[in-house]
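Colleague: Provided below: input_34.json, containing JSON, C-alpha atoms.
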```json
[["chain", "number", "residue", "atom", "x", "y", "z"],
["A", 1, "MET", "CA", 151.75, -54.22, -136.68],
["A", 2, "ARG", "CA", 151.57, -55.85, -133.23],
["A", 3, "LEU", "CA", 149.09, -58.59, -132.40],
["A", 4, "GLN", "CA", 150.18, -59.37, -128.84],
["A", 5, "ALA", "CA", 149.22, -56.97, -126.04],
["A", 6, "ARG", "CA", 151.64, -55.96, -123.28],
["A", 7, "TYR", "CA", 149.77, -57.69, -120.44],
["A", 8, "ARG", "CA", 148.36, -61.19, -120.69],
["A", 9, "TRP", "CA", 145.39, -60.38, -118.46],
["A", 10, "LEU", "CA", 144.39, -57.49, -120.74],
["A", 11, "PRO", "CA", 144.57, -58.90, -124.28],
["A", 12, "THR", "CA", 142.57, -56.14, -125.96],
["A", 13, "PRO", "CA", 143.01, -52.89, -123.98],
["A", 14, "PHE", "CA", 140.90, -50.61, -126.18],
["A", 15, "ARG", "CA", 138.06, -53.08, -126.55],
["A", 16, "SER", "CA", 137.98, -53.29, -122.75],
["A", 17, "LEU", "CA", 137.76, -49.50, -122.51],
["A", 18, "PHE", "CA", 134.95, -49.55, -125.08],
["A", 19, "LEU", "CA", 133.02, -52.22, -123.14],
["A", 20, "PHE", "CA", 133.46, -50.19, -119.93],
["A", 21, "LEU", "CA", 132.05, -47.05, -121.57],
["A", 22, "ILE", "CA", 129.19, -48.90, -123.29],
["A", 23, "TRP", "CA", 128.07, -50.49, -120.01],
["A", 24, "LEU", "CA", 127.95, -47.06, -118.35],
["A", 25, "LEU", "CA", 126.13, -45.54, -121.34],
["A", 26, "LEU", "CA", 123.58, -48.37, -121.43],
["A", 27, "ASN", "CA", 122.76, -47.90, -117.76],
["A", 28, "ASN", "CA", 122.99, -44.14, -117.97],
["A", 29, "SER", "CA", 124.73, -43.83, -114.60],
["A", 30, "VAL", "CA", 128.15, -43.55, -112.94],
["A", 31, "SER", "CA", 127.12, -44.96, -109.56],
["A", 32, "PRO", "CA", 129.85, -47.01, -107.75],
["A", 33, "GLY", "CA", 127.95, -50.27, -108.30],
["A", 34, "HIS", "CA", 127.86, -49.80, -112.05],
["A", 35, "LEU", "CA", 131.51, -48.72, -112.12],
["A", 36, "VAL", "CA", 132.54, -51.98, -110.42],
["A", 37, "LEU", "CA", 130.32, -54.08, -112.69],
["A", 38, "ALA", "CA", 131.65, -52.26, -115.79],
["A", 39, "THR", "CA", 135.26, -52.92, -114.72],
["A", 40, "PHE", "CA", 134.40, -56.59, -114.13],
["A", 41, "PHE", "CA", 132.88, -56.96, -117.61],
["A", 42, "ALA", "CA", 135.68, -54.96, -119.27],
["A", 43, "ILE", "CA", 138.30, -57.37, -117.86],
["A", 44, "PHE", "CA", 136.53, -60.73, -118.04],
["A", 45, "ILE", "CA", 134.60, -60.63, -121.34],
["A", 46, "PRO", "CA", 137.80, -60.06, -123.42],
["A", 47, "LEU", "CA", 139.63, -62.76, -121.41],
["A", 48, "LEU", "CA", 136.85, -65.31, -122.11],
["A", 49, "SER", "CA", 136.33, -64.41, -125.77],
["A", 50, "PHE", "CA", 139.96, -63.73, -126.72],
["A", 51, "SER", "CA", 140.86, -67.34, -127.52],
["A", 52, "LEU", "CA", 137.81, -67.67, -129.81],
["A", 53, "ARG", "CA", 138.84, -64.81, -132.08],
["A", 54, "ASP", "CA", 141.55, -64.25, -134.67],
["A", 55, "PRO", "CA", 144.20, -61.95, -133.22],
["A", 56, "GLN", "CA", 143.59, -58.37, -134.36],
["A", 57, "PRO", "CA", 146.24, -55.65, -134.70],
["A", 58, "LEU", "CA", 146.40, -53.32, -131.70],
["A", 59, "ILE", "CA", 146.00, -49.56, -131.81],
["A", 60, "LEU", "CA", 149.54, -48.33, -131.22],
["A", 61, "LYS", "CA", 148.90, -44.58, -131.53],
["A", 62, "PRO", "CA", 145.74, -43.83, -129.50],
["A", 63, "GLY", "CA", 146.14, -40.03, -129.77],
["A", 64, "LEU", "CA", 146.27, -40.20, -133.54],
["A", 65, "ALA", "CA", 143.28, -42.60, -133.56],
["A", 66, "LEU", "CA", 141.21, -40.04, -131.63],
["A", 67, "LYS", "CA", 142.26, -37.25, -134.00],
["A", 68, "GLN", "CA", 141.36, -39.42, -137.01],
["A", 69, "LEU", "CA", 137.95, -40.18, -135.45],
["A", 70, "LEU", "CA", 137.21, -36.45, -135.17],
["A", 71, "ILE", "CA", 138.38, -35.86, -138.77],
["A", 72, "VAL", "CA", 136.08, -38.65, -140.02],
["A", 73, "LEU", "CA", 133.11, -37.29, -138.01],
["A", 74, "TYR", "CA", 133.69, -33.83, -139.51],
["A", 75, "ASP", "CA", 133.94, -35.36, -142.99],
["A", 76, "ILE", "CA", 130.67, -37.27, -142.45],
["A", 77, "VAL", "CA", 128.83, -33.99, -141.84],
["A", 78, "VAL", "CA", 130.42, -32.32, -144.89],
["A", 79, "ALA", "CA", 129.83, -35.37, -147.12],
["A", 80, "ASN", "CA", 126.19, -35.53, -146.01],
["A", 81, "LEU", "CA", 125.63, -31.93, -147.08],
["A", 82, "GLN", "CA", 127.39, -32.52, -150.40],
["A", 83, "VAL", "CA", 125.40, -35.67, -151.20],
["A", 84, "ALA", "CA", 122.14, -33.92, -150.23],
["A", 85, "LEU", "CA", 122.98, -31.10, -152.67],
["A", 86, "LEU", "CA", 123.84, -33.64, -155.41],
["A", 87, "ILE", "CA", 120.51, -35.43, -154.87],
["A", 88, "ILE", "CA", 118.50, -32.18, -155.04],
["A", 89, "GLY", "CA", 120.39, -31.01, -158.14],
["A", 90, "PRO", "CA", 119.67, -32.27, -161.67],
["A", 91, "ALA", "CA", 120.27, -36.03, -161.93],
["A", 92, "LYS", "CA", 121.49, -35.80, -165.52],
["A", 93, "LYS", "CA", 124.58, -33.83, -164.54],
["A", 94, "LEU", "CA", 125.93, -36.58, -162.25],
["A", 95, "ARG", "CA", 128.93, -38.55, -163.52],
["A", 96, "PRO", "CA", 128.85, -41.93, -161.74],
["A", 97, "ALA", "CA", 131.95, -44.13, -161.97],
["A", 98, "PHE", "CA", 133.64, -47.21, -160.57],
["A", 99, "VAL", "CA", 137.19, -46.50, -159.40],
["A", 100, "LYS", "CA", 139.87, -48.95, -158.30],
["A", 101, "VAL", "CA", 142.00, -47.59, -155.45],
["A", 102, "PRO", "CA", 145.29, -49.42, -154.77],
["A", 103, "ILE", "CA", 145.72, -49.97, -151.02],
["A", 104, "ASP", "CA", 148.85, -50.83, -149.06],
["A", 105, "LEU", "CA", 147.13, -52.06, -145.89],
["A", 106, "THR", "CA", 147.56, -55.80, -145.38],
["A", 107, "HIS", "CA", 145.40, -56.88, -142.44],
["A", 108, "ASP", "CA", 141.63, -57.39, -142.67],
["A", 109, "MET", "CA", 140.69, -55.07, -139.82],
["A", 110, "PRO", "CA", 142.43, -51.89, -141.05],
["A", 111, "ILE", "CA", 140.98, -52.61, -144.53],
["A", 112, "THR", "CA", 137.48, -52.92, -143.02],
["A", 113, "ILE", "CA", 137.90, -49.60, -141.21],
["A", 114, "LEU", "CA", 139.14, -47.93, -144.40],
["A", 115, "ALA", "CA", 136.21, -49.32, -146.43],
["A", 116, "SER", "CA", 133.73, -48.10, -143.80],
["A", 117, "CYS", "CA", 135.30, -44.62, -143.75],
["A", 118, "VAL", "CA", 135.10, -44.49, -147.55],
["A", 119, "SER", "CA", 131.43, -45.57, -147.46],
["A", 120, "LEU", "CA", 130.52, -42.91, -144.91],
["A", 121, "THR", "CA", 132.41, -40.02, -146.45],
["A", 122, "PRO", "CA", 133.15, -38.31, -149.73],
["A", 123, "GLY", "CA", 130.29, -39.29, -152.07],
["A", 124, "THR", "CA", 131.67, -42.82, -152.42],
["A", 125, "VAL", "CA", 130.53, -46.34, -151.46],
["A", 126, "SER", "CA", 133.08, -49.13, -151.21],
["A", 127, "ALA", "CA", 132.00, -52.19, -153.20],
["A", 128, "GLU", "CA", 134.69, -54.86, -153.11],
["A", 129, "VAL", "CA", 138.25, -55.68, -152.11],
["A", 130, "TYR", "CA", 140.36, -57.30, -154.83],
["A", 131, "PRO", "CA", 141.76, -59.90, -155.13],
["A", 132, "ILE", "CA", 138.91, -61.96, -153.69],
["A", 133, "PRO", "CA", 140.38, -64.35, -151.04],
["A", 134, "GLU", "CA", 138.68, -67.43, -152.55],
["A", 135, "SER", "CA", 140.52, -66.89, -155.86],
["A", 136, "LEU", "CA", 143.91, -67.20, -154.12],
["A", 137, "SER", "CA", 145.52, -70.52, -153.28],
["A", 138, "GLU", "CA", 145.98, -71.45, -149.61],
["A", 139, "GLY", "CA", 148.43, -69.20, -147.76],
["A", 140, "GLU", "CA", 149.21, -67.09, -150.83],
["A", 141, "GLU", "CA", 149.68, -63.36, -150.21],
["A", 142, "PRO", "CA", 148.42, -61.01, -152.96],
["A", 143, "SER", "CA", 151.07, -58.60, -154.24],
["A", 144, "GLN", "CA", 148.71, -55.60, -154.47],
["A", 145, "ARG", "CA", 145.21, -55.13, -153.07],
["A", 146, "TYR", "CA", 142.57, -52.87, -154.58],
["A", 147, "LEU", "CA", 139.44, -51.30, -153.17],
["A", 148, "LEU", "CA", 136.65, -50.98, -155.74],
["A", 149, "ILE", "CA", 134.49, -47.93, -154.99],
["A", 150, "HIS", "CA", 131.42, -46.43, -156.63],
["A", 151, "VAL", "CA", 131.48, -42.63, -156.93],
["A", 152, "LEU", "CA", 128.30, -40.60, -157.27],
["A", 153, "ASP", "CA", 129.88, -37.67, -159.09],
["A", 154, "LEU", "CA", 133.44, -38.17, -160.31],
["A", 155, "LYS", "CA", 135.38, -35.01, -161.11],
["A", 156, "ASP", "CA", 139.01, -36.11, -161.08],
["A", 157, "GLU", "CA", 139.98, -39.75, -160.57],
["A", 158, "GLU", "CA", 143.63, -39.07, -159.65],
["A", 159, "ALA", "CA", 142.64, -36.45, -157.07],
["A", 160, "LEU", "CA", 140.06, -38.77, -155.47],
["A", 161, "ILE", "CA", 142.54, -41.66, -155.16],
["A", 162, "LYS", "CA", 145.11, -39.26, -153.68],
["A", 163, "LEU", "CA", 142.53, -37.90, -151.21],
["A", 164, "ILE", "CA", 141.52, -41.37, -149.99],
["A", 165, "LYS", "CA", 145.13, -42.50, -149.66],
["A", 166, "GLN", "CA", 146.29, -39.38, -147.81],
["A", 167, "ARG", "CA", 143.29, -38.55, -145.66],
["A", 168, "TYR", "CA", 142.10, -42.02, -144.64],
["A", 169, "GLU", "CA", 144.73, -44.65, -145.42],
["A", 170, "ALA", "CA", 147.93, -42.95, -144.26],
["A", 171, "PRO", "CA", 146.65, -42.30, -140.68],
["A", 172, "LEU", "CA", 145.42, -45.91, -140.43],
["A", 173, "LYS", "CA", 148.89, -47.11, -141.41],
["A", 174, "GLU", "CA", 150.32, -44.90, -138.64],
["A", 175, "ILE", "CA", 147.79, -46.04, -136.03],
["A", 176, "PHE", "CA", 148.32, -49.77, -136.61],
["A", 177, "GLN", "CA", 151.98, -49.43, -137.69],
["A", 178, "CYS", "CA", 151.58, -51.73, -140.67],
["B", 1, "MET", "CA", 111.94, -22.11, -123.78],
["B", 2, "ILE", "CA", 115.23, -21.89, -125.71],
["B", 3, "SER", "CA", 115.57, -25.65, -125.55],
["B", 4, "GLU", "CA", 112.21, -26.02, -127.28],
["B", 5, "TRP", "CA", 113.49, -23.89, -130.15],
["B", 6, "VAL", "CA", 116.68, -25.98, -130.36],
["B", 7, "VAL", "CA", 114.67, -29.23, -130.36],
["B", 8, "SER", "CA", 112.28, -28.02, -133.05],
["B", 9, "ILE", "CA", 115.06, -26.75, -135.32],
["B", 10, "LEU", "CA", 117.04, -29.98, -134.95],
["B", 11, "LEU", "CA", 113.93, -32.08, -135.66],
["B", 12, "LEU", "CA", 113.11, -30.07, -138.78],
["B", 13, "PHE", "CA", 116.72, -30.24, -139.97],
["B", 14, "GLY", "CA", 116.90, -34.00, -139.38],
["B", 15, "GLY", "CA", 113.55, -34.61, -141.00],
["B", 16, "ALA", "CA", 114.57, -32.59, -144.05],
["B", 17, "PHE", "CA", 117.73, -34.66, -144.46],
["B", 18, "ILE", "CA", 115.93, -37.97, -144.19],
["B", 19, "LEU", "CA", 113.39, -36.69, -146.73],
["B", 20, "ILE", "CA", 116.20, -35.74, -149.13],
["B", 21, "GLY", "CA", 117.82, -39.16, -148.66],
["B", 22, "SER", "CA", 114.51, -40.87, -149.51],
["B", 23, "MET", "CA", 114.00, -38.54, -152.48],
["B", 24, "GLY", "CA", 117.30, -39.84, -153.80],
["B", 25, "LEU", "CA", 115.82, -43.35, -153.83],
["B", 26, "ILE", "CA", 113.13, -42.24, -156.28],
["B", 27, "LYS", "CA", 115.05, -39.71, -158.30],
["B", 28, "LEU", "CA", 118.42, -41.28, -159.05],
["B", 29, "PRO", "CA", 118.59, -43.44, -162.19],
["B", 30, "ASP", "CA", 120.31, -46.70, -161.15],
["B", 31, "PHE", "CA", 120.79, -48.96, -158.13],
["B", 32, "PHE", "CA", 124.41, -48.03, -157.44],
["B", 33, "MET", "CA", 123.58, -44.33, -157.28],
["B", 34, "ARG", "CA", 120.50, -44.89, -155.16],
["B", 35, "LEU", "CA", 122.68, -46.56, -152.55],
["B", 36, "HIS", "CA", 124.37, -43.22, -151.77],
["B", 37, "GLY", "CA", 121.19, -41.78, -150.25],
["B", 38, "PRO", "CA", 120.66, -44.27, -147.41],
["B", 39, "THR", "CA", 124.38, -44.65, -146.55],
["B", 40, "LYS", "CA", 125.00, -40.92, -146.24],
["B", 41, "ALA", "CA", 122.21, -38.36, -146.28],
["B", 42, "THR", "CA", 120.21, -40.23, -143.63],
["B", 43, "THR", "CA", 123.10, -40.56, -141.15],
["B", 44, "LEU", "CA", 123.18, -36.81, -140.56],
["B", 45, "GLY", "CA", 119.37, -36.72, -140.32],
["B", 46, "MET", "CA", 119.34, -39.48, -137.72],
["B", 47, "ALA", "CA", 122.15, -37.75, -135.77],
["B", 48, "SER", "CA", 120.15, -34.49, -135.63],
["B", 49, "ILE", "CA", 117.01, -36.27, -134.41],
["B", 50, "LEU", "CA", 119.00, -38.13, -131.74],
["B", 51, "ILE", "CA", 120.66, -34.90, -130.52],
["B", 52, "ALA", "CA", 117.18, -33.35, -130.38],
["B", 53, "ALA", "CA", 116.04, -36.29, -128.22],
["B", 54, "MET", "CA", 119.02, -35.77, -125.88],
["B", 55, "VAL", "CA", 118.27, -32.04, -125.50],
["B", 56, "PHE", "CA", 114.57, -32.76, -124.93],
["B", 57, "PHE", "CA", 115.12, -35.35, -122.20],
["B", 58, "ALA", "CA", 117.87, -33.29, -120.53],
["B", 59, "ASN", "CA", 115.20, -30.62, -119.90],
["B", 60, "SER", "CA", 112.43, -32.96, -118.82],
["B", 61, "LYS", "CA", 111.83, -34.72, -115.48],
["B", 62, "THR", "CA", 113.73, -37.89, -116.48],
["B", 63, "GLY", "CA", 117.04, -36.01, -116.63],
["B", 64, "LEU", "CA", 120.01, -36.37, -118.95],
["B", 65, "SER", "CA", 119.95, -39.46, -121.16],
["B", 66, "VAL", "CA", 123.07, -40.56, -123.02],
["B", 67, "LYS", "CA", 121.77, -43.73, -124.68],
["B", 68, "GLU", "CA", 121.33, -41.75, -127.89],
["B", 69, "ILE", "CA", 125.13, -41.65, -128.22],
["B", 70, "LEU", "CA", 125.08, -45.47, -128.31],
["B", 71, "ILE", "CA", 122.41, -45.46, -131.04],
["B", 72, "THR", "CA", 124.60, -43.10, -133.09],
["B", 73, "ILE", "CA", 127.65, -45.35, -132.65],
["B", 74, "PHE", "CA", 125.74, -48.47, -133.75],
["B", 75, "LEU", "CA", 124.24, -46.59, -136.70],
["B", 76, "LEU", "CA", 127.69, -45.42, -137.83],
["B", 77, "ILE", "CA", 129.10, -48.95, -137.52],
["B", 78, "THR", "CA", 126.26, -50.76, -139.32],
["B", 79, "ALA", "CA", 125.41, -48.34, -142.17],
["B", 80, "PRO", "CA", 128.59, -49.05, -144.22],
["B", 81, "ILE", "CA", 128.25, -52.82, -143.67],
["B", 82, "SER", "CA", 124.68, -52.99, -144.99],
["B", 83, "GLY", "CA", 125.69, -50.72, -147.90],
["B", 84, "TYR", "CA", 128.56, -53.08, -148.67],
["B", 85, "MET", "CA", 126.33, -56.17, -148.60],
["B", 86, "LEU", "CA", 123.81, -54.50, -150.95],
["B", 87, "ILE", "CA", 126.38, -53.34, -153.49],
["B", 88, "LYS", "CA", 128.20, -56.69, -153.40],
["B", 89, "SER", "CA", 125.04, -58.62, -154.20],
["B", 90, "ALA", "CA", 124.18, -56.06, -156.92],
["B", 91, "ILE", "CA", 127.56, -56.67, -158.55],
["B", 92, "HIS", "CA", 127.10, -60.43, -158.20],
["B", 93, "HIS", "CA", 123.72, -60.23, -159.98],
["B", 94, "LYS", "CA", 125.35, -58.06, -162.69],
["B", 95, "LEU", "CA", 122.80, -55.27, -162.32],
["B", 96, "LYS", "CA", 122.97, -52.72, -165.14],
["B", 97, "ALA", "CA", 124.56, -49.42, -164.20],
["B", 98, "LYS", "CA", 123.39, -46.17, -165.76],
["B", 99, "GLU", "CA", 124.69, -45.60, -169.28],
["B", 100, "GLY", "CA", 127.84, -43.51, -169.27],
["B", 101, "THR", "CA", 129.11, -44.91, -165.97],
["B", 102, "LYS", "CA", 132.88, -44.80, -166.19],
["B", 103, "GLY", "CA", 135.24, -47.59, -165.15],
["B", 104, "LEU", "CA", 132.83, -50.52, -165.56],
["B", 105, "ASP", "CA", 135.80, -52.64, -166.67],
["B", 106, "ASN", "CA", 137.22, -52.22, -163.15],
["B", 107, "ILE", "CA", 134.67, -54.78, -161.95],
["B", 108, "GLU", "CA", 136.26, -58.22, -161.97],
["B", 109, "ASP", "CA", 134.30, -61.43, -162.49],
["B", 110, "ASP", "CA", 133.73, -63.58, -159.44]]
```
Just dump the structure as structure tokens.

Modeller:
Amino acid sequence: MRLQARYRWLPTPFRSLFLFLIWLLLNNSVSPGHLVLATFFAIFIPLLSFSLRDPQPLILKPGLALKQLLIVLYDIVVANLQVALLIIGPAKKLRPAFVKVPIDLTHDMPITILASCVSLTPGTVSAEVYPIPESLSEGEEPSQRYLLIHVLDLKDEEALIKLIKQRYEAPLKEIFQC
Amino acid sequence: MISEWVVSILLLFGGAFILIGSMGLIKLPDFFMRLHGPTKATTLGMASILIAAMVFFANSKTGLSVKEILITIFLLITAPISGYMLIKSAIHHKLKAKEGTKGLDNIEDD
């Protein structure tokens, strides 16, 4: 995990890229004027806001991040179809369950991304991260974190935990190197 | 002409998905299960409707519009967060889950 970017004038390179793209998308044009303005915003907004924020881990494997994004988008479509079928089908056959998934990620941001991926994909909604920070004493690091998820139709708990760990957590660990 | 077909099919498809997601709100037995409809089934429906809007405007006088991509991004970012807030407050209020829900002892007191 690396918190410090390579260049001081570009503290958050991928957020800058994102700002650049969003400005162009908002204005729906690639005219030279908007390109210059987008570059200006992409460089100066992160510089101004960087000192106000907690340092976040940087994306160290951008290629893998892009691949993971495509995988998650594909999974969203598949999960949507599955959940639609489950809703149409008989409600009595569903086997809802709460499952605790042990997670190895340590920083808040990768955990947030993992929880969002879990919410958007395979018939699961993430509910809580344990242990709750308020229950820990100041500066104490929990030995093991858990993600509590609600499953609409649980078939095999072990297989679900394995799927989440392999398909969503392992690439995040690679991308942020933590 | 073809684009009209594409737009109509996408609109029907999207509308059907949003309808199914809303049906889930009525049909499913408890709060935790109802939450699955709005966080998932409606995302695909919204995406289809937004793609239909892009195709429609690309063929009209206004020309290609890409703002719909932004709407999709914001929808994908905010849907899990609102789902999380809802389920967290449900757990805090100790809402009853449907009988036969497994793993209820996994919920810790807070």

Colleague: For Asp153 of chain A, work out the shell of residues within 6 Å, counting only C-alpha atoms and skipping chain neighbours fewer than 6 positions away, then give it as a list in words.

Modeller: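 What passes the distance filter is Leu94, Arg95 and Pro96 of chain A.
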
Colleague: I need the contact residues of chain B against chain A, so if you could list those with any atom within 9 Å, counting all atoms listed in the file, and return them as a VMD selection string, that would help.

Modeller: chain B and resid 17 20 to 21 23 to 24 27 to 29 32 to 33 35 to 37 39 to 45 64 to 70 76 to 77 79 to 81 83 to 88 91 97 to 98 100 to 108 110

Colleague: Could you jot down the atom CA of Gly33 of chain A to atom CA of Pro13 of chain A separation for me, Å, one decimal place?

Modeller: 21.9 Å

Colleague: Could you tell me how far atom CA of Lys67 of chain A sits from atom CA of Ile51 of chain B, in Å to one decimal place?

Modeller: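 Distance between the two atoms: 22.0 Å.
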
Colleague: Using only C-alpha atoms, can you tell me which of B:Ala90, B:Leu11, B:Met54, B:Leu95 comes closest to Thr72 of chain B?

Modeller: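 Once distances to Thr72 of chain B are computed over only C-alpha atoms, the minimum belongs to B:Met54.
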
Colleague: What's the 10 Å shell around Pro110 of chain A, counting only C-alpha atoms, without same-chain residues fewer than 3 positions away, as a ChimeraX atom specification?

Modeller: /A:56-57,105-107,113-116,169,172-173,175-176,178

Colleague: Take atom CA of Leu19 of chain A and atom CA of Ile111 of chain A and report the distance between them in Å, one decimal.

Modeller: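 So the two atoms, atom CA of Leu19 of chain A and atom CA of Ile111 of chain A, lie 22.8 Å apart.
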
Colleague: Excluding Leu47 of chain A and residues on its chain fewer than 3 positions from it, collect all residues at most 10 Å away from it, counting only C-alpha atoms, and give them as number ranges by chain.

Modeller: A: 8-12, 16, 41-44, 50-52

Colleague: Around all the atoms of segment 17-20 of chain B listed in the file, draw an axis-aligned box and extend it by 4 Å on each of the six sides; I want its centre and edge lengths in Å to one decimal, as JSON.

Modeller:
```
{"center_x": 115.6, "center_y": -36.3, "center_z": -146.7, "size_x": 12.3, "size_y": 11.3, "size_z": 12.9}
```

Colleague: List as a list in words the protein and nucleic acid residues near Gly14 of chain B, meaning an atom at most 9 Å away when all atoms listed in the file are counted, but skip any in the same chain fewer than 5 places from it.

Modeller: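 Contacts, with the query itself left out: Ile9, Leu19, Thr42, Leu44, Gly45, Met46, Ala47, Ser48, Ile49 and Leu50 of chain B.
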
Colleague: From the options B:Ala52, B:Ser60, B:Leu25, B:Asp30, which residue's atoms come nearest to Ser8 of chain B, counting only C-alpha atoms?

Modeller: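 Of B:Ala52, B:Ser60, B:Leu25, B:Asp30, the one nearest Ser8 of chain B, counting only C-alpha atoms, is B:Ala52.
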
Colleague: Restricting the calculation to only C-alpha atoms: of B:Met1, B:Phe31, B:Val6, B:Ile26, which residue gets closest to Lys94 of chain B?

Modeller: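 The closest residue to Lys94 of chain B is B:Phe31.
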
Colleague: Take segment 139-158 of chain A, bring it up to N, CA and C atoms, and give me the output as a PDB file, in the coordinates of the input.

Modeller:
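Ended up saving to part11.pdb:
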```pdb
ATOM      1  N   GLY A 139     147.222 -69.812-148.302  1.00  0.00           N
ATOM      2  CA  GLY A 139     148.430 -69.200-147.760  1.00  0.00           C
ATOM      3  C   GLY A 139     149.131 -68.227-148.697  1.00  0.00           C
ATOM      4  N   GLU A 140     148.574 -68.009-149.883  1.00  0.00           N
ATOM      5  CA  GLU A 140     149.210 -67.090-150.830  1.00  0.00           C
ATOM      6  C   GLU A 140     148.887 -65.644-150.453  1.00  0.00           C
ATOM      7  N   GLU A 141     149.897 -64.768-150.512  1.00  0.00           N
ATOM      8  CA  GLU A 141     149.680 -63.360-150.210  1.00  0.00           C
ATOM      9  C   GLU A 141     149.583 -62.569-151.511  1.00  0.00           C
ATOM     10  N   PRO A 142     148.501 -61.792-151.720  1.00  0.00           N
ATOM     11  CA  PRO A 142     148.420 -61.010-152.960  1.00  0.00           C
ATOM     12  C   PRO A 142     149.472 -59.908-152.966  1.00  0.00           C
ATOM     13  N   SER A 143     150.000 -59.591-154.168  1.00  0.00           N
ATOM     14  CA  SER A 143     151.070 -58.600-154.240  1.00  0.00           C
ATOM     15  C   SER A 143     150.505 -57.189-154.062  1.00  0.00           C
ATOM     16  N   GLN A 144     149.310 -56.927-154.591  1.00  0.00           N
ATOM     17  CA  GLN A 144     148.710 -55.600-154.470  1.00  0.00           C
ATOM     18  C   GLN A 144     147.199 -55.740-154.288  1.00  0.00           C
ATOM     19  N   ARG A 145     146.654 -55.068-153.281  1.00  0.00           N
ATOM     20  CA  ARG A 145     145.210 -55.130-153.070  1.00  0.00           C
ATOM     21  C   ARG A 145     144.561 -53.873-153.631  1.00  0.00           C
ATOM     22  N   TYR A 146     143.312 -54.013-154.062  1.00  0.00           N
ATOM     23  CA  TYR A 146     142.570 -52.870-154.580  1.00  0.00           C
ATOM     24  C   TYR A 146     141.232 -52.769-153.868  1.00  0.00           C
ATOM     25  N   LEU A 147     140.777 -51.535-153.694  1.00  0.00           N
ATOM     26  CA  LEU A 147     139.440 -51.300-153.170  1.00  0.00           C
ATOM     27  C   LEU A 147     138.603 -50.752-154.319  1.00  0.00           C
ATOM     28  N   LEU A 148     137.534 -51.469-154.667  1.00  0.00           N
ATOM     29  CA  LEU A 148     136.650 -50.980-155.740  1.00  0.00           C
ATOM     30  C   LEU A 148     135.593 -50.086-155.097  1.00  0.00           C
ATOM     31  N   ILE A 149     135.486 -48.832-155.569  1.00  0.00           N
ATOM     32  CA  ILE A 149     134.490 -47.930-154.990  1.00  0.00           C
ATOM     33  C   ILE A 149     133.586 -47.389-156.086  1.00  0.00           C
ATOM     34  N   HIS A 150     132.345 -47.077-155.700  1.00  0.00           N
ATOM     35  CA  HIS A 150     131.420 -46.430-156.630  1.00  0.00           C
ATOM     36  C   HIS A 150     131.309 -44.970-156.225  1.00  0.00           C
ATOM     37  N   VAL A 151     131.511 -44.072-157.199  1.00  0.00           N
ATOM     38  CA  VAL A 151     131.480 -42.630-156.930  1.00  0.00           C
ATOM     39  C   VAL A 151     130.212 -42.054-157.543  1.00  0.00           C
ATOM     40  N   LEU A 152     129.551 -41.194-156.779  1.00  0.00           N
ATOM     41  CA  LEU A 152     128.300 -40.600-157.270  1.00  0.00           C
ATOM     42  C   LEU A 152     128.580 -39.566-158.355  1.00  0.00           C
ATOM     43  N   ASP A 153     129.575 -38.717-158.126  1.00  0.00           N
ATOM     44  CA  ASP A 153     129.880 -37.670-159.090  1.00  0.00           C
ATOM     45  C   ASP A 153     131.391 -37.509-159.179  1.00  0.00           C
ATOM     46  N   LEU A 154     131.984 -38.156-160.194  1.00  0.00           N
ATOM     47  CA  LEU A 154     133.440 -38.170-160.310  1.00  0.00           C
ATOM     48  C   LEU A 154     133.922 -36.946-161.079  1.00  0.00           C
ATOM     49  N   LYS A 155     134.805 -36.157-160.411  1.00  0.00           N
ATOM     50  CA  LYS A 155     135.380 -35.010-161.110  1.00  0.00           C
ATOM     51  C   LYS A 155     136.763 -35.360-161.630  1.00  0.00           C
ATOM     52  N   ASP A 156     137.622 -35.852-160.728  1.00  0.00           N
ATOM     53  CA  ASP A 156     139.010 -36.110-161.080  1.00  0.00           C
ATOM     54  C   ASP A 156     139.443 -37.392-160.368  1.00  0.00           C
ATOM     55  N   GLU A 157     139.678 -38.455-161.167  1.00  0.00           N
ATOM     56  CA  GLU A 157     139.980 -39.750-160.570  1.00  0.00           C
ATOM     57  C   GLU A 157     141.266 -39.728-159.756  1.00  0.00           C
ATOM     58  N   GLU A 158     142.330 -39.110-160.345  1.00  0.00           N
ATOM     59  CA  GLU A 158     143.630 -39.070-159.650  1.00  0.00           C
ATOM     60  C   GLU A 158     143.493 -38.373-158.302  1.00  0.00           C
TER      61      GLU A 158
END
```
